[in-house]
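Next up, query-v1.json (JSON, C-alpha atoms):
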[["chain", "number", "residue", "atom", "x", "y", "z"],
["A", 25, "MET", "CA", -15.72, 52.26, -59.76],
["A", 26, "GLU", "CA", -12.71, 54.15, -58.52],
["A", 27, "ILE", "CA", -9.84, 51.98, -57.33],
["A", 28, "PRO", "CA", -8.84, 53.01, -53.80],
["A", 29, "ALA", "CA", -5.28, 53.89, -52.94],
["A", 30, "PRO", "CA", -3.40, 51.01, -51.33],
["A", 31, "ALA", "CA", -3.54, 50.85, -47.54],
["A", 32, "THR", "CA", -0.29, 51.83, -45.89],
["A", 33, "THR", "CA", -0.62, 49.95, -42.58],
["A", 34, "LEU", "CA", -1.74, 46.51, -41.47],
["A", 35, "ASN", "CA", -4.63, 48.09, -39.55],
["A", 36, "ALA", "CA", -5.81, 49.98, -42.64],
["A", 37, "SER", "CA", -5.45, 46.83, -44.77],
["A", 38, "LEU", "CA", -7.51, 44.75, -42.35],
["A", 39, "LEU", "CA", -10.25, 47.36, -42.22],
["A", 40, "GLU", "CA", -10.25, 47.74, -46.02],
["A", 41, "GLN", "CA", -10.70, 43.97, -46.37],
["A", 42, "LEU", "CA", -14.06, 44.17, -44.60],
["A", 43, "THR", "CA", -15.23, 47.68, -45.51],
["A", 44, "PHE", "CA", -14.75, 47.12, -49.25],
["A", 45, "HIS", "CA", -16.91, 44.00, -49.15],
["A", 46, "TRP", "CA", -19.44, 45.73, -46.89],
["A", 47, "ASP", "CA", -19.71, 48.98, -48.86],
["A", 48, "VAL", "CA", -19.57, 47.55, -52.38],
["A", 49, "HIS", "CA", -21.23, 44.14, -52.11],
["A", 50, "LEU", "CA", -23.03, 43.20, -48.92],
["A", 51, "ARG", "CA", -24.78, 46.22, -47.46],
["A", 52, "PRO", "CA", -26.14, 47.76, -50.68],
["A", 53, "LYS", "CA", -27.62, 44.39, -51.66],
["A", 54, "LEU", "CA", -29.45, 44.14, -48.34],
["A", 55, "ASP", "CA", -31.35, 47.37, -48.91],
["A", 56, "GLY", "CA", -35.05, 46.67, -49.32],
["A", 57, "LEU", "CA", -34.90, 43.29, -47.59],
["A", 58, "THR", "CA", -38.49, 42.34, -46.82],
["A", 59, "ASP", "CA", -39.83, 40.46, -43.82],
["A", 60, "GLU", "CA", -40.96, 37.70, -46.19],
["A", 61, "GLU", "CA", -37.36, 37.26, -47.40],
["A", 62, "TYR", "CA", -36.02, 37.61, -43.86],
["A", 63, "PHE", "CA", -38.03, 34.66, -42.53],
["A", 64, "TRP", "CA", -38.15, 32.61, -45.76],
["A", 65, "GLU", "CA", -37.49, 28.90, -45.23],
["A", 66, "PRO", "CA", -35.95, 27.53, -48.43],
["A", 67, "VAL", "CA", -36.08, 23.87, -47.34],
["A", 68, "ALA", "CA", -37.65, 21.73, -44.62],
["A", 69, "ASN", "CA", -36.09, 21.51, -41.17],
["A", 70, "VAL", "CA", -34.32, 24.86, -41.23],
["A", 71, "TRP", "CA", -33.23, 26.93, -38.26],
["A", 72, "ASN", "CA", -34.93, 30.29, -38.13],
["A", 73, "LEU", "CA", -35.98, 33.06, -35.76],
["A", 74, "VAL", "CA", -39.47, 32.07, -34.65],
["A", 75, "PRO", "CA", -42.06, 33.41, -32.21],
["A", 76, "LYS", "CA", -41.35, 32.41, -28.61],
["A", 77, "GLY", "CA", -42.98, 29.07, -27.84],
["A", 78, "SER", "CA", -42.85, 27.74, -31.41],
["A", 79, "ALA", "CA", -39.21, 26.61, -31.67],
["A", 80, "ARG", "CA", -38.64, 23.25, -33.35],
["A", 81, "THR", "CA", -35.17, 22.70, -31.88],
["A", 82, "PRO", "CA", -33.84, 21.52, -28.51],
["A", 83, "VAL", "CA", -32.54, 25.02, -27.73],
["A", 84, "ALA", "CA", -34.30, 28.33, -28.34],
["A", 85, "GLY", "CA", -32.23, 31.34, -27.37],
["A", 86, "GLY", "CA", -33.59, 34.81, -26.84],
["A", 87, "THR", "CA", -35.44, 37.08, -24.46],
["A", 88, "GLY", "CA", -37.92, 38.84, -26.75],
["A", 89, "GLU", "CA", -40.88, 37.86, -28.90],
["A", 90, "TYR", "CA", -38.58, 35.89, -31.24],
["A", 91, "VAL", "CA", -36.08, 33.16, -30.40],
["A", 92, "ALA", "CA", -33.23, 31.63, -32.38],
["A", 93, "GLU", "CA", -33.47, 27.93, -33.07],
["A", 94, "PHE", "CA", -30.33, 25.86, -32.53],
["A", 95, "ALA", "CA", -28.88, 22.78, -30.83],
["A", 96, "MET", "CA", -25.78, 22.11, -28.78],
["A", 97, "PRO", "CA", -23.84, 20.32, -29.98],
["A", 98, "GLU", "CA", -24.66, 21.36, -33.52],
["A", 99, "PRO", "CA", -25.83, 18.39, -35.63],
["A", 100, "ASP", "CA", -23.66, 17.12, -38.46],
["A", 101, "PRO", "CA", -24.55, 18.13, -41.06],
["A", 102, "ALA", "CA", -25.83, 21.41, -39.68],
["A", 103, "PRO", "CA", -29.26, 22.46, -40.92],
["A", 104, "VAL", "CA", -29.80, 25.20, -43.46],
["A", 105, "THR", "CA", -30.44, 28.54, -41.78],
["A", 106, "THR", "CA", -32.59, 31.44, -42.92],
["A", 107, "ILE", "CA", -31.59, 35.01, -43.64],
["A", 108, "ALA", "CA", -33.03, 35.98, -40.23],
["A", 109, "TRP", "CA", -30.94, 33.34, -38.47],
["A", 110, "ARG", "CA", -27.77, 34.26, -40.36],
["A", 111, "LEU", "CA", -28.23, 37.98, -39.68],
["A", 112, "ALA", "CA", -28.69, 37.11, -36.00],
["A", 113, "HIS", "CA", -25.45, 35.13, -36.14],
["A", 114, "LEU", "CA", -23.59, 38.10, -37.63],
["A", 115, "ILE", "CA", -25.13, 40.50, -35.11],
["A", 116, "VAL", "CA", -24.55, 38.36, -32.01],
["A", 117, "GLY", "CA", -21.86, 35.75, -32.61],
["A", 118, "VAL", "CA", -19.62, 37.50, -35.09],
["A", 119, "PHE", "CA", -19.69, 41.19, -34.13],
["A", 120, "GLY", "CA", -21.75, 41.62, -30.94],
["A", 121, "GLU", "CA", -19.97, 39.26, -28.57],
["A", 122, "ARG", "CA", -16.57, 40.55, -29.72],
["A", 123, "ASN", "CA", -17.67, 44.18, -29.40],
["A", 124, "HIS", "CA", -18.63, 43.45, -25.79],
["A", 125, "SER", "CA", -15.47, 41.49, -24.99],
["A", 126, "HIS", "CA", -12.99, 43.86, -26.59],
["A", 127, "PHE", "CA", -14.51, 47.27, -27.40],
["A", 128, "GLY", "CA", -16.90, 48.18, -24.59],
["A", 129, "GLY", "CA", -20.05, 47.18, -26.44],
["A", 130, "PRO", "CA", -23.22, 46.04, -24.67],
["A", 131, "LEU", "CA", -23.52, 42.50, -23.36],
["A", 132, "MET", "CA", -24.69, 40.27, -26.17],
["A", 133, "SER", "CA", -25.23, 36.51, -26.28],
["A", 134, "TYR", "CA", -27.44, 34.07, -28.14],
["A", 135, "MET", "CA", -29.47, 33.36, -25.00],
["A", 136, "ASP", "CA", -29.84, 36.99, -23.88],
["A", 137, "MET", "CA", -30.61, 38.65, -27.21],
["A", 138, "ALA", "CA", -33.97, 40.24, -27.99],
["A", 139, "TYR", "CA", -33.99, 39.13, -31.63],
["A", 140, "PRO", "CA", -35.46, 41.51, -34.20],
["A", 141, "GLY", "CA", -38.87, 40.59, -35.53],
["A", 142, "THR", "CA", -38.45, 42.50, -38.79],
["A", 143, "ALA", "CA", -35.81, 42.77, -41.49],
["A", 144, "LYS", "CA", -35.63, 46.53, -40.96],
["A", 145, "GLU", "CA", -34.86, 46.13, -37.24],
["A", 146, "ALA", "CA", -32.24, 43.48, -38.02],
["A", 147, "LEU", "CA", -30.44, 45.74, -40.49],
["A", 148, "VAL", "CA", -30.37, 48.60, -37.97],
["A", 149, "LEU", "CA", -28.74, 46.27, -35.43],
["A", 150, "LEU", "CA", -26.35, 44.91, -38.04],
["A", 151, "ASP", "CA", -25.25, 48.41, -39.00],
["A", 152, "ASP", "CA", -24.69, 49.26, -35.33],
["A", 153, "VAL", "CA", -22.54, 46.24, -34.45],
["A", 154, "TYR", "CA", -20.58, 46.59, -37.70],
["A", 155, "ALA", "CA", -19.82, 50.27, -37.03],
["A", 156, "ARG", "CA", -18.75, 49.51, -33.45],
["A", 157, "TRP", "CA", -16.49, 46.69, -34.68],
["A", 158, "CYS", "CA", -14.82, 48.88, -37.30],
["A", 159, "ALA", "CA", -14.27, 51.70, -34.79],
["A", 160, "GLY", "CA", -12.79, 49.23, -32.31],
["A", 161, "VAL", "CA", -10.42, 47.73, -34.87],
["A", 162, "ALA", "CA", -9.34, 51.19, -36.04],
["A", 163, "ALA", "CA", -8.62, 52.20, -32.43],
["A", 164, "LEU", "CA", -6.30, 49.21, -31.96],
["A", 165, "GLY", "CA", -3.72, 50.79, -34.23],
["A", 166, "GLU", "CA", -0.64, 48.85, -35.27],
["A", 167, "GLU", "CA", 0.55, 48.08, -31.76],
["A", 168, "GLY", "CA", -2.85, 46.86, -30.59],
["A", 169, "LEU", "CA", -3.07, 44.36, -33.43],
["A", 170, "GLN", "CA", -0.05, 42.56, -31.95],
["A", 171, "ARG", "CA", -1.45, 42.33, -28.39],
["A", 172, "PRO", "CA", -2.91, 38.99, -27.26],
["A", 173, "VAL", "CA", -6.70, 38.91, -27.43],
["A", 174, "GLY", "CA", -6.95, 37.66, -23.86],
["A", 175, "PRO", "CA", -9.24, 35.26, -21.99],
["A", 176, "ALA", "CA", -12.44, 36.31, -23.80],
["A", 177, "GLU", "CA", -11.26, 34.19, -26.73],
["A", 178, "GLY", "CA", -10.73, 31.01, -24.68],
["A", 179, "PRO", "CA", -8.02, 28.75, -26.09],
["A", 180, "PHE", "CA", -6.98, 31.52, -28.51],
["A", 181, "ALA", "CA", -6.15, 33.93, -25.63],
["A", 182, "GLU", "CA", -2.50, 34.26, -26.63],
["A", 183, "HIS", "CA", -3.21, 34.87, -30.32],
["A", 184, "PRO", "CA", -2.70, 38.44, -31.53],
["A", 185, "PHE", "CA", -5.67, 40.71, -32.25],
["A", 186, "SER", "CA", -4.73, 40.62, -35.94],
["A", 187, "THR", "CA", -5.67, 36.92, -35.98],
["A", 188, "LEU", "CA", -9.06, 37.67, -34.41],
["A", 189, "VAL", "CA", -9.69, 40.53, -36.83],
["A", 190, "LEU", "CA", -8.91, 38.28, -39.81],
["A", 191, "HIS", "CA", -11.22, 35.60, -38.42],
["A", 192, "ILE", "CA", -14.13, 38.01, -37.81],
["A", 193, "HIS", "CA", -13.75, 39.52, -41.28],
["A", 194, "ARG", "CA", -13.66, 36.06, -42.86],
["A", 195, "GLU", "CA", -16.84, 35.16, -40.95],
["A", 196, "ALA", "CA", -18.62, 38.38, -41.97],
["A", 197, "ILE", "CA", -17.69, 37.97, -45.63],
["A", 198, "HIS", "CA", -18.63, 34.28, -45.63],
["A", 199, "HIS", "CA", -22.01, 34.67, -43.92],
["A", 200, "GLY", "CA", -22.78, 37.86, -45.82],
["A", 201, "ALA", "CA", -22.30, 35.98, -49.09],
["A", 202, "GLU", "CA", -24.61, 33.21, -47.85],
["A", 203, "ILE", "CA", -27.29, 35.79, -47.01],
["A", 204, "LEU", "CA", -27.04, 37.35, -50.46],
["A", 205, "LEU", "CA", -27.26, 33.92, -52.10],
["A", 206, "LEU", "CA", -30.40, 33.11, -50.10],
["A", 207, "ARG", "CA", -31.88, 36.42, -51.15],
["A", 208, "ASP", "CA", -31.08, 35.67, -54.81],
["A", 209, "LEU", "CA", -32.59, 32.19, -54.54],
["A", 210, "ARG", "CA", -35.77, 33.57, -52.95],
["A", 211, "ARG", "CA", -36.11, 36.24, -55.62],
["A", 212, "ASN", "CA", -35.48, 33.82, -58.51],
["A", 213, "ARG", "CA", -37.23, 30.66, -57.31]]
With the file now loaded, output its structure as structure tokens.
Amino acid sequence: MEIPAPATTLNASLLEQLTFHWDVHLRPKLDGLTDEEYFWEPVANVWNLVPKGSARTPVAGGTGEYVAEFAMPEPDPAPVTTIAWRLAHLIVGVFGERNHSHFGGPLMSYMDMAYPGTAKEALVLLDDVYARWCAGVAALGEEGLQRPVGPAEGPFAEHPFSTLVLHIHREAIHHGAEILLLRDLRRNR
């Protein structure tokens, strides 16, 4: 593997943090994800994406054939979630809502999402929200990273965009690693 040249700006460094993980680790290892892996429930009482009308949780968000199982407030400890659920979280809660709030992306929320019923559809959506996020971060430039994120981020409204970018990248790397671990466990059970 060729070692990339060091980034010369904060914006480039922040993007490299996520794109390196995405390009080298996460996205290539999601290629070939099957529907069986996507919906696999590794333990009892998991949260998953399930057909409408079959949710096992107090809340079932979604407008399509599939809904996301969850509860508010989240139980402690939180249940294990499936690859489908975690991909939905990355698509909606990590990238999608922020793309809408900050970069002109389509409205996206856990309750209003038409969740994908196949792994292939989920990966197409994931690629789309990821690309929109990266383009939005790149467009911020150095000056934009210092601007407050504004009311879309609630009590963090006065925090600079750089803080939000670091948080979103941390979330994407964290949940991406969980997805890959679940895939490894499914394959090697």
Quick one: residues within 8 Å of Ile197 (chain A), all atoms listed in the file, excluding same-chain residues fewer than 4 positions away - as a compact mmCIF listing (two decimals) with C-alpha atoms, keeping the file's coordinate frame?
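The file below, part.txt, is the result:
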# COMPACT_ATOMS: atom_id res chain seq x y z
CA LEU A 42 -14.06 44.17 -44.60
CA HIS A 45 -16.91 44.00 -49.15
CA HIS A 193 -13.75 39.52 -41.28
CA ALA A 201 -22.30 35.98 -49.09
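Comparing A:Ser37, A:Thr43, A:Thr58, A:Thr81 by their smallest distance to Thr142 (chain A), the closest is A:Thr58 (using all atoms listed in the file).
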Can you pull out every residue within 12 Å of Gly120 (chain A), counting all atoms listed in the file, but drop anything in the same chain fewer than 3 positions away, and send it as a JSON list (two decimals) with C-alpha atoms, in the coordinates of the input?
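Result went into result.json, see below:
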[["chain", "number", "residue", "atom", "x", "y", "z"],
["A", 111, "LEU", "CA", -28.23, 37.98, -39.68],
["A", 112, "ALA", "CA", -28.69, 37.11, -36.00],
["A", 113, "HIS", "CA", -25.45, 35.13, -36.14],
["A", 114, "LEU", "CA", -23.59, 38.10, -37.63],
["A", 115, "ILE", "CA", -25.13, 40.50, -35.11],
["A", 116, "VAL", "CA", -24.55, 38.36, -32.01],
["A", 117, "GLY", "CA", -21.86, 35.75, -32.61],
["A", 123, "ASN", "CA", -17.67, 44.18, -29.40],
["A", 124, "HIS", "CA", -18.63, 43.45, -25.79],
["A", 125, "SER", "CA", -15.47, 41.49, -24.99],
["A", 126, "HIS", "CA", -12.99, 43.86, -26.59],
["A", 127, "PHE", "CA", -14.51, 47.27, -27.40],
["A", 128, "GLY", "CA", -16.90, 48.18, -24.59],
["A", 129, "GLY", "CA", -20.05, 47.18, -26.44],
["A", 130, "PRO", "CA", -23.22, 46.04, -24.67],
["A", 131, "LEU", "CA", -23.52, 42.50, -23.36],
["A", 132, "MET", "CA", -24.69, 40.27, -26.17],
["A", 133, "SER", "CA", -25.23, 36.51, -26.28],
["A", 134, "TYR", "CA", -27.44, 34.07, -28.14],
["A", 136, "ASP", "CA", -29.84, 36.99, -23.88],
["A", 137, "MET", "CA", -30.61, 38.65, -27.21],
["A", 149, "LEU", "CA", -28.74, 46.27, -35.43],
["A", 150, "LEU", "CA", -26.35, 44.91, -38.04],
["A", 151, "ASP", "CA", -25.25, 48.41, -39.00],
["A", 152, "ASP", "CA", -24.69, 49.26, -35.33],
["A", 153, "VAL", "CA", -22.54, 46.24, -34.45],
["A", 154, "TYR", "CA", -20.58, 46.59, -37.70],
["A", 155, "ALA", "CA", -19.82, 50.27, -37.03],
["A", 156, "ARG", "CA", -18.75, 49.51, -33.45],
["A", 157, "TRP", "CA", -16.49, 46.69, -34.68],
["A", 158, "CYS", "CA", -14.82, 48.88, -37.30],
["A", 160, "GLY", "CA", -12.79, 49.23, -32.31],
["A", 192, "ILE", "CA", -14.13, 38.01, -37.81],
["A", 196, "ALA", "CA", -18.62, 38.38, -41.97]]
### Message
From the options A:Arg122, A:Gly56, A:Pro140, A:Met135, which residue's atoms come nearest to Glu89 (chain A), counting all atoms listed in the file?
### Response
A:Pro140
### Task
Quick one: residues within 9 Å of (2.0, 46.7, -37.8) (file frame), counting only C-alpha atoms, please, as JSON, numbers by chain.
{"A": [33, 34, 35, 165, 166, 167, 168, 169, 170]}
### Selected residue of minimal separation from His191 (chain A) among A:Val118, A:Ala79, A:Val48, A:Leu206, counting all atoms listed in the file
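Ranking A:Val118, A:Ala79, A:Val48, A:Leu206 by distance to His191 (chain A), first place goes to A:Val118.
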### Query
What is the CA of Leu50 (chain A) to CA of Gly200 (chain A) distance in Å?
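Calculated distance between CA of Leu50 (chain A) and CA of Gly200 (chain A) is 6.2 Å.
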### Query
CA of Thr105 (chain A) and CA of Trp46 (chain A) are how many Å apart?
21.0 Å
### Task
For region 64-75 of chain A, list every protein, DNA or RNA residue within 12 Å, evaluated using all atoms listed in the file, and leave out those in the same chain fewer than 2 positions away; present the list as a ChimeraX atom specification.
/A:57-62,77-95,98-99,101-113,134,137-143,146,203,205-213
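Between CA of Ser186 (chain A) and CA of His198 (chain A) lies a distance of 18.1 Å.
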